[in-house]
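Visitor: Just so it is clear, I am handing over work.json, which has JSON, C-alpha atoms.
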```json
[["chain", "number", "residue", "atom", "x", "y", "z"],
["A", 1, "MET", "CA", 126.78, 66.46, 62.13],
["A", 2, "LEU", "CA", 126.86, 70.26, 62.50],
["A", 3, "TYR", "CA", 123.81, 72.47, 62.90],
["A", 4, "ARG", "CA", 123.59, 76.27, 62.67],
["A", 5, "ASP", "CA", 121.96, 76.51, 66.08],
["A", 6, "LYS", "CA", 119.62, 74.61, 68.39],
["A", 7, "LYS", "CA", 116.55, 75.76, 66.47],
["A", 8, "HIS", "CA", 117.98, 74.11, 63.34],
["A", 9, "LEU", "CA", 118.82, 70.96, 65.32],
["A", 10, "ILE", "CA", 115.35, 70.77, 66.87],
["A", 11, "SER", "CA", 113.49, 71.43, 63.63],
["A", 12, "THR", "CA", 115.54, 68.74, 61.86],
["A", 13, "PHE", "CA", 114.58, 65.94, 64.24],
["A", 14, "ILE", "CA", 111.35, 66.88, 66.01],
["A", 15, "LYS", "CA", 108.15, 66.66, 63.98],
["A", 16, "ARG", "CA", 104.57, 67.73, 64.58],
["A", 17, "GLY", "CA", 102.81, 65.06, 66.62],
["A", 18, "ASP", "CA", 105.98, 63.72, 68.27],
["A", 19, "THR", "CA", 105.86, 63.07, 72.00],
["A", 20, "VAL", "CA", 108.96, 64.83, 73.36],
["A", 21, "LEU", "CA", 110.72, 64.91, 76.72],
["A", 22, "ASP", "CA", 112.92, 67.96, 77.27],
["A", 23, "VAL", "CA", 115.44, 67.08, 80.00],
["A", 24, "GLY", "CA", 116.81, 70.13, 81.79],
["A", 25, "PHE", "CA", 114.15, 72.28, 80.12],
["A", 26, "LEU", "CA", 114.67, 75.29, 82.38],
["A", 27, "GLY", "CA", 118.42, 75.58, 81.86],
["A", 28, "GLU", "CA", 120.59, 76.32, 78.86],
["A", 29, "ASN", "CA", 121.46, 79.85, 79.96],
["A", 30, "VAL", "CA", 117.93, 81.13, 79.36],
["A", 31, "SER", "CA", 116.29, 82.68, 82.39],
["A", 32, "ASN", "CA", 113.27, 84.13, 80.55],
["A", 33, "GLU", "CA", 110.70, 81.74, 79.08],
["A", 34, "LYS", "CA", 109.80, 84.39, 76.49],
["A", 35, "ASP", "CA", 113.37, 84.32, 75.14],
["A", 36, "PRO", "CA", 113.20, 83.18, 71.49],
["A", 37, "ASN", "CA", 116.25, 80.96, 72.14],
["A", 38, "TRP", "CA", 114.57, 78.97, 74.93],
["A", 39, "THR", "CA", 114.68, 75.45, 73.48],
["A", 40, "HIS", "CA", 111.62, 74.24, 75.38],
["A", 41, "GLY", "CA", 109.63, 77.01, 73.71],
["A", 42, "LEU", "CA", 111.09, 76.06, 70.32],
["A", 43, "ILE", "CA", 110.03, 72.44, 70.86],
["A", 44, "LYS", "CA", 106.51, 73.53, 71.86],
["A", 45, "GLU", "CA", 106.24, 75.52, 68.61],
["A", 46, "ILE", "CA", 106.62, 72.24, 66.68],
["A", 47, "THR", "CA", 104.62, 69.76, 68.76],
["A", 48, "GLU", "CA", 102.08, 70.09, 71.54],
["A", 49, "ASP", "CA", 102.90, 66.76, 73.19],
["A", 50, "VAL", "CA", 105.84, 68.04, 75.27],
["A", 51, "TYR", "CA", 107.03, 67.02, 78.72],
["A", 52, "GLY", "CA", 109.72, 68.59, 80.89],
["A", 53, "LEU", "CA", 112.18, 67.36, 83.49],
["A", 54, "ASP", "CA", 114.43, 69.47, 85.69],
["A", 55, "LEU", "CA", 115.91, 69.30, 89.17],
["A", 56, "GLN", "CA", 113.51, 71.94, 90.48],
["A", 57, "LEU", "CA", 110.23, 73.26, 89.13],
["A", 58, "PRO", "CA", 108.87, 76.78, 89.43],
["A", 59, "GLU", "CA", 105.38, 77.02, 90.94],
["A", 60, "LYS", "CA", 103.67, 77.35, 87.56],
["A", 61, "TYR", "CA", 104.76, 73.79, 86.60],
["A", 62, "LYS", "CA", 104.03, 72.07, 89.90],
["A", 63, "GLY", "CA", 100.99, 69.81, 89.78],
["A", 64, "ASN", "CA", 101.22, 69.42, 86.00],
["A", 65, "ALA", "CA", 101.85, 65.71, 85.29],
["A", 66, "ARG", "CA", 103.85, 66.65, 82.17],
["A", 67, "TYR", "CA", 106.52, 68.32, 84.31],
["A", 68, "VAL", "CA", 108.60, 66.42, 86.83],
["A", 69, "ALA", "CA", 111.25, 67.55, 89.31],
["A", 70, "ALA", "CA", 113.85, 64.77, 89.38],
["A", 71, "ASP", "CA", 117.47, 63.92, 88.71],
["A", 72, "ALA", "CA", 118.17, 63.03, 85.08],
["A", 73, "GLY", "CA", 119.33, 59.57, 86.15],
["A", 74, "GLU", "CA", 116.25, 58.79, 88.23],
["A", 75, "PHE", "CA", 113.19, 60.06, 86.34],
["A", 76, "ARG", "CA", 110.01, 58.12, 85.61],
["A", 77, "PHE", "CA", 107.13, 58.93, 83.28],
["A", 78, "ASP", "CA", 104.15, 56.76, 82.39],
["A", 79, "VAL", "CA", 104.62, 57.50, 78.67],
["A", 80, "LYS", "CA", 107.17, 56.57, 76.04],
["A", 81, "PHE", "CA", 108.72, 59.30, 73.91],
["A", 82, "ASP", "CA", 109.48, 59.67, 70.22],
["A", 83, "VAL", "CA", 112.26, 62.11, 71.11],
["A", 84, "ILE", "CA", 114.23, 62.88, 74.25],
["A", 85, "PHE", "CA", 116.05, 66.21, 74.03],
["A", 86, "ALA", "CA", 118.94, 66.99, 76.39],
["A", 87, "GLY", "CA", 120.47, 70.32, 75.42],
["A", 88, "ASP", "CA", 123.74, 71.17, 77.15],
["A", 89, "LEU", "CA", 122.92, 68.86, 80.02],
["A", 90, "ILE", "CA", 125.08, 65.73, 79.87],
["A", 91, "GLU", "CA", 128.27, 67.55, 80.86],
["A", 92, "HIS", "CA", 126.59, 68.51, 84.18],
["A", 93, "LEU", "CA", 125.72, 64.96, 85.23],
["A", 94, "THR", "CA", 127.70, 62.94, 87.76],
["A", 95, "ASN", "CA", 126.69, 59.71, 86.02],
["A", 96, "PRO", "CA", 125.68, 60.22, 82.38],
["A", 97, "GLY", "CA", 125.30, 56.45, 81.93],
["A", 98, "LEU", "CA", 122.34, 56.41, 84.34],
["A", 99, "PHE", "CA", 120.69, 59.19, 82.36],
["A", 100, "LEU", "CA", 121.21, 57.31, 79.09],
["A", 101, "ALA", "CA", 119.86, 54.05, 80.59],
["A", 102, "ARG", "CA", 116.76, 55.82, 81.90],
["A", 103, "SER", "CA", 116.31, 57.52, 78.51],
["A", 104, "ARG", "CA", 116.45, 54.18, 76.66],
["A", 105, "GLU", "CA", 113.69, 52.87, 78.94],
["A", 106, "HIS", "CA", 111.51, 55.85, 78.03],
["A", 107, "LEU", "CA", 112.01, 55.84, 74.25],
["A", 108, "LYS", "CA", 109.49, 54.30, 71.88],
["A", 109, "PRO", "CA", 110.91, 51.74, 69.42],
["A", 110, "GLY", "CA", 112.70, 53.81, 66.78],
["A", 111, "GLY", "CA", 112.77, 56.82, 69.11],
["A", 112, "ILE", "CA", 115.76, 59.16, 69.19],
["A", 113, "ILE", "CA", 117.76, 61.04, 71.77],
["A", 114, "ILE", "CA", 119.15, 64.45, 70.87],
["A", 115, "ILE", "CA", 122.15, 65.54, 72.91],
["A", 116, "SER", "CA", 124.09, 68.77, 72.60],
["A", 117, "THR", "CA", 127.18, 69.54, 74.66],
["A", 118, "PRO", "CA", 130.12, 71.93, 74.43],
["A", 119, "ASN", "CA", 132.99, 70.49, 72.41],
["A", 120, "THR", "CA", 136.12, 70.01, 74.51],
["A", 121, "PHE", "CA", 138.30, 70.74, 71.51],
["A", 122, "ASN", "CA", 136.78, 74.04, 70.39],
["A", 123, "LEU", "CA", 139.13, 76.95, 69.81],
["A", 124, "PHE", "CA", 138.15, 78.74, 73.03],
["A", 125, "ASN", "CA", 139.01, 75.68, 75.14],
["A", 126, "MET", "CA", 142.29, 75.06, 73.33],
["A", 127, "VAL", "CA", 143.41, 78.66, 73.92],
["A", 128, "GLY", "CA", 142.35, 78.29, 77.57],
["A", 129, "LYS", "CA", 144.41, 75.14, 77.86],
["A", 130, "VAL", "CA", 147.51, 76.90, 76.51],
["A", 131, "MET", "CA", 147.01, 80.10, 78.51],
["A", 132, "HIS", "CA", 145.78, 78.73, 81.85],
["A", 133, "ARG", "CA", 146.90, 75.11, 81.97],
["A", 134, "GLU", "CA", 143.24, 74.08, 81.96],
["A", 135, "PRO", "CA", 140.42, 75.61, 79.95],
["A", 136, "VAL", "CA", 137.99, 77.87, 81.75],
["A", 137, "VAL", "CA", 134.78, 75.88, 82.18],
["A", 138, "ASN", "CA", 131.42, 76.23, 83.82],
["A", 139, "GLU", "CA", 131.88, 75.28, 87.47],
["A", 140, "ASP", "CA", 128.87, 72.94, 87.22],
["A", 141, "HIS", "CA", 130.47, 70.79, 84.49],
["A", 142, "THR", "CA", 131.66, 67.37, 85.62],
["A", 143, "THR", "CA", 132.84, 65.91, 82.30],
["A", 144, "TYR", "CA", 134.47, 67.01, 79.06],
["A", 145, "PHE", "CA", 132.99, 65.56, 75.88],
["A", 146, "ASN", "CA", 133.92, 65.57, 72.23],
["A", 147, "TYR", "CA", 132.45, 63.69, 69.29],
["A", 148, "LYS", "CA", 134.55, 60.56, 69.90],
["A", 149, "THR", "CA", 133.97, 60.23, 73.65],
["A", 150, "LEU", "CA", 130.25, 60.97, 73.40],
["A", 151, "THR", "CA", 129.88, 58.43, 70.57],
["A", 152, "GLN", "CA", 131.75, 55.86, 72.67],
["A", 153, "LEU", "CA", 129.51, 56.50, 75.70],
["A", 154, "LEU", "CA", 126.35, 56.26, 73.62],
["A", 155, "GLY", "CA", 127.50, 52.97, 72.09],
["A", 156, "LYS", "CA", 128.27, 51.47, 75.48],
["A", 157, "CYS", "CA", 124.77, 52.46, 76.59],
["A", 158, "GLY", "CA", 123.12, 50.71, 73.65],
["A", 159, "PHE", "CA", 122.54, 53.64, 71.30],
["A", 160, "GLU", "CA", 123.46, 53.65, 67.60]]
```
Would you mind writing the file out in structure tokens?
Guide:
Amino acid sequence: MLYRDKKHLISTFIKRGDTVLDVGFLGENVSNEKDPNWTHGLIKEITEDVYGLDLQLPEKYKGNARYVAADAGEFRFDVKFDVIFAGDLIEHLTNPGLFLARSREHLKPGGIIIISTPNTFNLFNMVGKVMHREPVVNEDHTTYFNYKTLTQLLGKCGFE
């Protein structure tokens, strides 16, 4: 399914009162928390019950039990979530299956995981492939995904 932007995606699936985990909440090319495109801020506009996970935490989040510094494949929270949001994260992971397994453990029955990732087959990447033999990618990316491969991975990890 296509969405205009992440705000549209988030507002479609996250509802007031949901308990939400935002994995990689500090990333997504937003360095200023006041940026209107910061997805963690967009999630907090919808529901107050928000948690965050990232590899490192700035001082202001340390000591807050809702925010954890951990690898996406090794996190633990004492709560279950209605929604786990991972925006432009999965392509950075060395083992996305571990992340998906950990996410399944932390979802409430009927809970959902929202994943966004760059499409391998977008026009920019295809031109890069023709012009440079390989598309130009973020040096932190470890995996290419498209709809088919991501759907296959999710199915193998027990998601519908």
Visitor: For the atom pair atom CA of Asp5 of chain A and atom CA of Leu21 of chain A, what is the interatomic distance in Å to one decimal place?
Guide: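 That distance, rounded to one decimal, is 19.3 Å.
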Visitor: Neighbours of segment 39-46 of chain A within 7 Å (all atoms listed in the file; same-chain residues fewer than 4 positions away dropped), as a list in words?
Guide: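 Result of the neighbour search: Lys7, Ile10, Lys15, Arg16, Asp22, Phe25 and Val50 of chain A.
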Visitor: Tell me, in Å to one decimal, how far atom CA of Phe99 of chain A is from atom CA of Gly158 of chain A.
Guide: 12.4 Å
Visitor: Just give me the gap between atom CA of Val20 of chain A and atom CA of Gly63 of chain A in Å, one decimal is fine.
Guide: 18.9 Å
Visitor: Find, counting all atoms listed in the file, the residue in A:Pro36, A:Leu150, A:Leu26, A:His106 that gets nearest to Tyr67 of chain A.
Guide: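 The answer is A:Leu26, which sits nearest to Tyr67 of chain A.
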Visitor: Excluding same-chain residues fewer than 6 positions from Thr12 of chain A, what lies within 12 Å of it counting all atoms listed in the file, as an MDAnalysis selection string?
Guide: chainID A and resid 1:6 43 46 83 114
Visitor: Within 8 Å of His92 of chain A, counting only C-alpha atoms, which residues qualify if same-chain residues fewer than 2 places away don't, as a PyMOL selection string?
Guide: chain A and resi 89-90+94+140-143
Visitor: Between A:Glu91, A:Glu139, A:Glu74, A:Glu160, which is the closest to Glu105 of chain A once you count all atoms listed in the file?
Guide: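 Of A:Glu91, A:Glu139, A:Glu74, A:Glu160, the one nearest Glu105 of chain A, counting all atoms listed in the file, is A:Glu74.
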Visitor: Please determine, counting all atoms listed in the file, which residue among A:Leu153, A:Ala69, A:Val130, A:Leu107 has the shortest atom-to-atom distance to Asn95 of chain A.
Guide: A:Leu153
Visitor: Draw an axis-aligned box tight on the listed atoms of segment 108-115 of chain A, then pad every side by 4 Å and write out centre and edge lengths in Å to one decimal as lines of an AutoDock Vina configuration file.
Guide:
```
center_x = 115.8
center_y = 58.6
center_z = 69.8
size_x = 20.7
size_y = 21.8
size_z = 14.1
```
Visitor: Considering all atoms listed in the file, can you say which of A:Lys108, A:Phe159, A:Asn64, A:Pro118 comes closest to Tyr147 of chain A?
Guide: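 Between A:Lys108, A:Phe159, A:Asn64, A:Pro118, the residue approaching Tyr147 of chain A most closely is A:Pro118.
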Visitor: So that I can check the surroundings of Asp78 of chain A, please list as an NGL selection string every protein, DNA and RNA residue that reaches within 10 Å of it, counting all atoms listed in the file and ignoring chain neighbours fewer than 2 positions away.
Guide: :A and (65-66 or 76 or 80-81 or 106)
Visitor: When distances are computed from all atoms listed in the file, which of A:Lys148, A:Arg102, A:His132, A:Lys156 shows the smallest separation from Val23 of chain A?
Guide: A:Arg102
Visitor: Go through A:Phe145, A:Gly155, A:Asn37, A:Ala101 and flag the residue nearest Thr120 of chain A, using all atoms listed in the file for the distances.
Guide: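 Closest candidate: A:Phe145.
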Visitor: With a distance cut-off of 6 Å and all atoms listed in the file, select the neighbouring residues of segment 109-113 of chain A, excluding the residue or stretch itself and same-chain residues fewer than 4 positions from it, and output the selection as an MDAnalysis selection string.
Guide: chainID A and resid 82:85
Visitor: Would you save the residues of that selection, restricted to C-alpha atoms, as a CSV table (one decimal), in the coordinates of the input?
Guide:
```
chain,number,residue,atom,x,y,z
A,82,ASP,CA,109.5,59.7,70.2
A,83,VAL,CA,112.3,62.1,71.1
A,84,ILE,CA,114.2,62.9,74.2
A,85,PHE,CA,116.0,66.2,74.0
```
